[in-house]
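> Below is the structure I would like to discuss, written out as C-alpha cells.
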Amino acid sequence: MMENMTTGGMLEIGGVSSDKLAAACGTPLFVYDEAELERRVQDYKSCFRSELFKTEVIYASKAFVCKAMLDKLKQYGFGLDVVSGGELHLANQSDFPMEQVYFHGNNKTEDELAMALSLGCGTIVVDGIMECRRLVAMANRMEKEVGVLIRINPGIEAHTHKYIVTGDLDSKFGVTFREEEIILELIGLLRESKYTKLNGFHVHIGSQIFDLRAYDALIERMMKFIKKLKSKHMIEVRQLDFGGGFGVRYTAEDEPSSIRKVCKSIIEKCEAEIRNHELQLEKIMIEPGRSIVAEAGYTIYRVGFLKDTPNKSYLFIDGGMADNIRVALYDARYECDLANKMDREKSKKYTVAGKCCESGDILIEGAMLPQAEPGDLLVVYGTGAYGYSMASNYNRLNKPAVAFVKDGKARIVIRRESYADQMRLETNEEVNL
Ligand SMILES: Cc1ncc(COP(=O)(O)O)c(C=O)c1O
C-alpha cells in the first residue's frame with residue numbers, strides 16, 4: 001500500500017486533502033492518484049522490453065476505463081484490450097489508435113464484429129471455431145483486413161498463491177491447446193481469406209497471481225507448443241500474448257512483485273525459451289489491468305449512522321456493493337481508514353456496511369478504526385480496479401464521480417450520475433412488431 005501524506009490528521013491523495021475532495025466532489029467518490037497511475041504505466045513501458053523481439057503492453061480496459069484514462073495510455077503508446085462494443089465505442093470516441101486495439105470475448109455479436117471491422121480494429125482475438133467462421137465471412141464480405149490471435153486455453157490455471165497445471169477441457173474461453181485438429185482448422189480458415197491474418201496466440205491464466213512461476217510454466221508450455229506447430233505443420237507463429245492477472249496489494253497480507261520484477265521475469269523467460277527452441281517470434285505482449293489501476297485508486301465515503309448489535313459495531317457508509325461488488329462477488333478484502341482521523345488511535349473494531357438492501361452488502365469485516373461519528377470520511381484503499389467498471393445502479397443509486405488528482409489539483413473525469421441521468425432511458429413507446 002502506498003504511504004499517503006496526512007496533514008493535521010487528514011489524509012491527502014495526490015497533494016489534495018480528502019475533506020476538500022469530499023466537499024467539492026461529493027461522496028462516494030473514486031479518486032485516482034494520477035502520479036501513481038503514470039508511474040505504473042511508465043514502469044510497464046520501460047521494463048517490458050527485449051533486444052530479441054518487439055513488445056507491447058496492452059491495457060485491459062475492463063479494470064477501469066474512461067476517456068481520461070485512454071488519453072494517458074495513448075501518450076505512452078499502450079495497446080488496448082476491449083471486450084465489448086461499448087469499450088470499442090469509447091476507444092473510438094477517445095481517438096485511441098484503432099490498430100492498437102485487441103478485441104477479446106467468448107461471444108462477440110455480429111454487430112460488435114462488424115463495428116470492430118469497420119472501425120479498423122487491429123486485432124480480433126478469436127475464441128473458437130464458430131466465431132472464426134463468422135469473422136472470416138464478415139471480413140470477406142466487408143473487404144476489411146484484420147489481424148487475428150487465437151485464444152488458447154493452455155491448461156494452466158492460476159489464482160492468487162496457487163497455480164495448477166491442468167488438463168482442463170471445460171473453460172468457457174478459448175481452444176484447449178491439446179485440441180490440435182481444431183487449432184489447425186482455425187488456422188486453415190484464417191489462411192483461406194486474404195483479409196484475415198493469423199498473427200499468433202493469446203492466453204490468460206487468471207487474476208491476482210503472485211507466484212511468477214505460473215507464468216514460467218505458461219511460457220514453457222506455449223513455446224513448446226509453437227515449436228511443435230512449426231516442426232510438425234510448418235506453421236510459423238509470430239506473436240504471443242500472455243494476458244494479465246499480475247497481483248496487487250489489497251491488504252498487508254498481499255505481497256505482489258513489483259512491475260519491474262514481473263516484466264523482467266517474463267522477458268527473461270521468453271528470451272531463454274526462444275533461444276532454447278530456436279524460434280522466430282516477432283512480438284510478445286502482456287495485458288495488465290488491475291496492476292496499473294488498483295493501487296492508484298481510492299474510494300471516499302461519508303459515514304452515516306452507527307449501530308451496535310450484541311456482537312458487532314456497524315459503521316454505515318453512503319455507498320457499498322453498488323460501487324464495489326467485488327466483496328460480495330468473490331469475497332475480496334480491502335483496508336480502510338477514517339480519512340479525517342488519521343492521527344487517532346484505532347481503538348474500535350467495525351463492520352463497514354453499505355446502504356444497499358442486501359444483508360451481504362458488507363464492505364469490510366473487522367476494520368480497526370478510531371471511534372467513528374456521523375460525518376466522518378471513510379477511505380477504502382486499492383479500489384482502482386473493477387470498482388467503477390463493475391458499478392451498478394442497484395437500488396437506483398447514482399454511480400459515483402471519478403476524480404484524478406495530482407500536484408495538489410483535482411479534476412473530475414467522470415461526473416456523478418444524477419437522478420435525471422437515470423431517467424433518460426425511461427419511456428413508453430409502442431413497439432412496431
Ligand atoms: C483476457 C484478459 N486479459 C487481461 C485481463 C486483465 O487481468 P488483470 O486485471 O487481473 O491484470 C483479463 C481479466 O479478466 C482478461 O480476461
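As shown in the C-alpha cells, the chain order sets the letters A, B, ...; within each chain, residues go from 1, and ligands are also counted from 1 in the order they appear.
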Let me see if you get this right: every residue at most 6 Å from ligand 1, counting only C-alpha atoms and all ligand atoms, written as number ranges by chain.

A: 60, 63, 204, 207-208, 243-246, 287-291

> Find the nearest atom pair between each residue of segment 310-375 of chain A and segment 382-405 of chain A for residues within 8 Å, count only C-alpha atoms, give distances in Å to one decimal, sort rows by chain and ascending number, and present the table as JSON lines.


{"residue": "A:Met321", "atom": "CA", "partner": "A:Ala391", "partner_atom": "CA", "distance": 7.9}
{"residue": "A:Ala322", "atom": "CA", "partner": "A:Ser392", "partner_atom": "CA", "distance": 5.1}
{"residue": "A:Asp323", "atom": "CA", "partner": "A:Ala391", "partner_atom": "CA", "distance": 4.5}
{"residue": "A:Asn324", "atom": "CA", "partner": "A:Gly387", "partner_atom": "CA", "distance": 4.9}
{"residue": "A:Ile325", "atom": "CA", "partner": "A:Met390", "partner_atom": "CA", "distance": 6.8}
{"residue": "A:Arg326", "atom": "CA", "partner": "A:Gly387", "partner_atom": "CA", "distance": 7.3}
{"residue": "A:Tyr334", "atom": "CA", "partner": "A:Gly382", "partner_atom": "CA", "distance": 7.2}
{"residue": "A:Cys356", "atom": "CA", "partner": "A:Asn395", "partner_atom": "CA", "distance": 6.5}
{"residue": "A:Cys357", "atom": "CA", "partner": "A:Asn395", "partner_atom": "CA", "distance": 7.4}

> Take the residues from that selection and put them in a file with C-alpha atoms, as a JSON list (two decimals), in the first residue's frame.


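Saved file part02.json follows:
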[["chain", "number", "residue", "atom", "x", "y", "z"],
["A", 321, "MET", "CA", -21.99, -3.03, -3.20],
["A", 322, "ALA", "CA", -23.31, -0.78, -5.97],
["A", 323, "ASP", "CA", -19.88, 0.85, -6.30],
["A", 324, "ASN", "CA", -17.83, -2.16, -5.16],
["A", 325, "ILE", "CA", -19.33, -5.54, -5.94],
["A", 326, "ARG", "CA", -16.04, -7.41, -5.55],
["A", 334, "TYR", "CA", -9.76, -4.28, 1.48],
["A", 356, "CYS", "CA", -27.97, -1.41, -0.22],
["A", 357, "CYS", "CA", -30.90, -3.60, 0.72]]

> Select from segment 312-397 of chain A every residue with an atom at most 7 Å from any atom of segment 17-32 of chain A, then for each give the shortest pair of atoms and their distance in Å to one decimal, using only C-alpha atoms, rows by chain and rising number, as a Markdown table.


| residue | atom | partner | partner_atom | distance |
| --- | --- | --- | --- | --- |
| A:Asp318 | CA | A:Pro28 | CA | 6.4 |
| A:Gly319 | CA | A:Pro28 | CA | 5.9 |
| A:Ala339 | CA | A:Ser18 | CA | 6.7 |

> Which residues come within 7 Å of Glu365 of chain A, counting only C-alpha atoms, excluding same-chain residues fewer than 2 positions away, as a ChimeraX atom specification?

/A:350-352,362-363,367

> Could the residues in this selection be saved with C-alpha atoms as a PDB file, in the first residue's frame?


ATOM      1  CA  TYR A 350     -16.164  -2.017  12.966  1.00  0.00           C
ATOM      2  CA  THR A 351     -18.176  -3.821  10.374  1.00  0.00           C
ATOM      3  CA  VAL A 352     -18.244  -1.410   7.451  1.00  0.00           C
ATOM      4  CA  ILE A 362     -20.668  -5.578   3.846  1.00  0.00           C
ATOM      5  CA  LEU A 363     -17.547  -3.924   2.532  1.00  0.00           C
ATOM      6  CA  ALA A 367     -11.901  -2.979  10.434  1.00  0.00           C
TER       7      ALA A 367
END

> If you count only C-alpha atoms, which residues fall within 9 Å of segment 108-111 of chain A, apart from same-chain ones fewer than 4 positions away, as a PyMOL selection string?

chain A and resi 83-85+103-104+115-116+131+134-135+138

> Find the residues near Leu190 of chain A: any atom within 10 Å, counting only C-alpha atoms, skip ones fewer than 4 places away on the same chain, and give them as JSON, numbers by chain.

{"A": [132, 133, 135, 136, 147, 148, 184, 185, 186, 194, 195, 196, 197, 198]}

> Quick one: write out the picked residues with N, CA and C atoms as a compact mmCIF listing (two decimals), in the first residue's frame?


# COMPACT_ATOMS: atom_id res chain seq x y z
N CYS A 132 -14.74 -17.91 -35.55
CA CYS A 132 -13.76 -17.78 -36.62
C CYS A 132 -14.45 -17.81 -37.99
N ARG A 133 -15.39 -18.75 -38.12
CA ARG A 133 -16.13 -18.84 -39.40
C ARG A 133 -16.86 -17.53 -39.68
N LEU A 135 -16.21 -14.54 -38.48
CA LEU A 135 -15.28 -13.43 -38.72
C LEU A 135 -14.74 -13.47 -40.15
N VAL A 136 -14.35 -14.66 -40.60
CA VAL A 136 -13.79 -14.77 -41.95
C VAL A 136 -14.84 -14.35 -42.98
N GLY A 147 -5.97 -8.32 -38.16
CA GLY A 147 -5.06 -9.29 -37.55
C GLY A 147 -5.84 -10.20 -36.60
N VAL A 148 -5.38 -11.41 -36.44
CA VAL A 148 -6.10 -12.34 -35.56
C VAL A 148 -5.13 -13.05 -34.62
N LEU A 184 -5.70 -26.39 -35.98
CA LEU A 184 -5.30 -26.44 -37.39
C LEU A 184 -6.44 -25.99 -38.29
N GLU A 185 -7.65 -26.36 -37.91
CA GLU A 185 -8.82 -25.93 -38.70
C GLU A 185 -8.96 -24.40 -38.64
N LEU A 186 -8.78 -23.86 -37.44
CA LEU A 186 -8.85 -22.39 -37.28
C LEU A 186 -7.79 -21.71 -38.16
N LYS A 194 -7.98 -13.61 -47.72
CA LYS A 194 -6.87 -12.65 -47.83
C LYS A 194 -7.04 -11.51 -46.83
N TYR A 195 -8.18 -11.48 -46.15
CA TYR A 195 -8.43 -10.38 -45.21
C TYR A 195 -8.05 -10.69 -43.76
N THR A 196 -8.01 -11.97 -43.41
CA THR A 196 -7.68 -12.30 -42.02
C THR A 196 -6.25 -12.81 -41.93
N LYS A 197 -5.49 -12.19 -41.05
CA LYS A 197 -4.08 -12.54 -40.95
C LYS A 197 -3.80 -13.13 -39.57
N LEU A 198 -3.45 -14.41 -39.54
CA LEU A 198 -3.14 -15.03 -38.26
C LEU A 198 -1.79 -14.50 -37.76

> Looking at A:Glu271, A:Arg40, A:Leu149, A:Lys406, which one is nearest to Val248 of chain A, with distances taken over only C-alpha atoms?

A:Arg40

> Based on the backbone DSSP call, show me all residues of segment 227-350 of chain A assigned strand (DSSP E or B), as a VMD selection string.

chain A and resid 239 to 241 246 283 to 286 297 to 308 313 to 317 336 to 338 348 to 350

> Please report the interatomic distance between atom CA of Val237 of chain A and atom CA of Gln280 of chain A in Å with one decimal.

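Atom CA of Val237 of chain A sits 8.0 Å away from atom CA of Gln280 of chain A.
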
> Could you please determine the separation between atom CA of Lys346 of chain A and atom CA of Glu36 of chain A in Å, to one decimal place?

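Rounded to one decimal, the two atoms are 27.1 Å apart.
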
> Neighbouring residues of segment 219-231 of chain A were defined as those with any atom within 12 Å, considering only C-alpha atoms; residues of the same chain fewer than 3 positions away were excluded. Please report them as a ChimeraX atom specification.

/A:151-156,165-166,176-181,183-184,187,200-205,212-216,234-243,265-281,284-286

> Between A:Leu73, A:Leu338, A:Leu117, A:Ile292, which one has atoms that come closest to Thr6 of chain A, using only C-alpha atoms?

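Using only C-alpha atoms, the shortest distance to Thr6 of chain A belongs to A:Leu338.
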
> When you draw a straight line from atom CA of Arg333 of chain A to atom CA of Ile364 of chain A, how long is it in Å?

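Going from atom CA of Arg333 of chain A over to atom CA of Ile364 of chain A covers 7.0 Å.
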
> Just checking: using only C-alpha atoms, which residue out of A:Arg191, A:Thr427, A:Thr299, A:Gly128 ends up closest to Lys172 of chain A?

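Nearest to Lys172 of chain A: A:Gly128.
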
> Could you give me the residues within segment 111-166 of chain A that DSSP places in helix (DSSP H, G or I), as a PyMOL selection string?

chain A and resi 111-119+129-142

> Using only C-alpha atoms, which protein or nucleic acid residues come within 8 Å of segment 42-44 of chain A? Drop anything in the same chain fewer than 5 positions from it, and give the result as an mmCIF file with N, CA and C atoms, in the first residue's frame.


data_model
loop_
_atom_site.group_PDB
_atom_site.id
_atom_site.type_symbol
_atom_site.label_atom_id
_atom_site.label_comp_id
_atom_site.auth_asym_id
_atom_site.auth_seq_id
_atom_site.Cartn_x
_atom_site.Cartn_y
_atom_site.Cartn_z
ATOM 1 N N VAL A 57 2.623 -3.547 -24.451
ATOM 2 C CA VAL A 57 1.821 -3.646 -23.234
ATOM 3 C C VAL A 57 0.418 -3.181 -23.610
ATOM 4 N N TYR A 76 1.526 7.090 -23.761
ATOM 5 C CA TYR A 76 2.605 6.132 -23.509
ATOM 6 C C TYR A 76 2.672 5.025 -24.557
ATOM 7 N N ILE A 259 6.281 -4.225 -10.609
ATOM 8 C CA ILE A 259 6.073 -4.282 -12.064
ATOM 9 C C ILE A 259 7.399 -4.611 -12.764
ATOM 10 N N ARG A 260 8.467 -4.001 -12.263
ATOM 11 C CA ARG A 260 9.799 -4.274 -12.847
ATOM 12 C C ARG A 260 10.131 -5.754 -12.795
ATOM 13 N N CYS A 263 7.948 -7.859 -15.199
ATOM 14 C CA CYS A 263 8.377 -7.700 -16.596
ATOM 15 C C CYS A 263 9.680 -8.444 -16.849
#
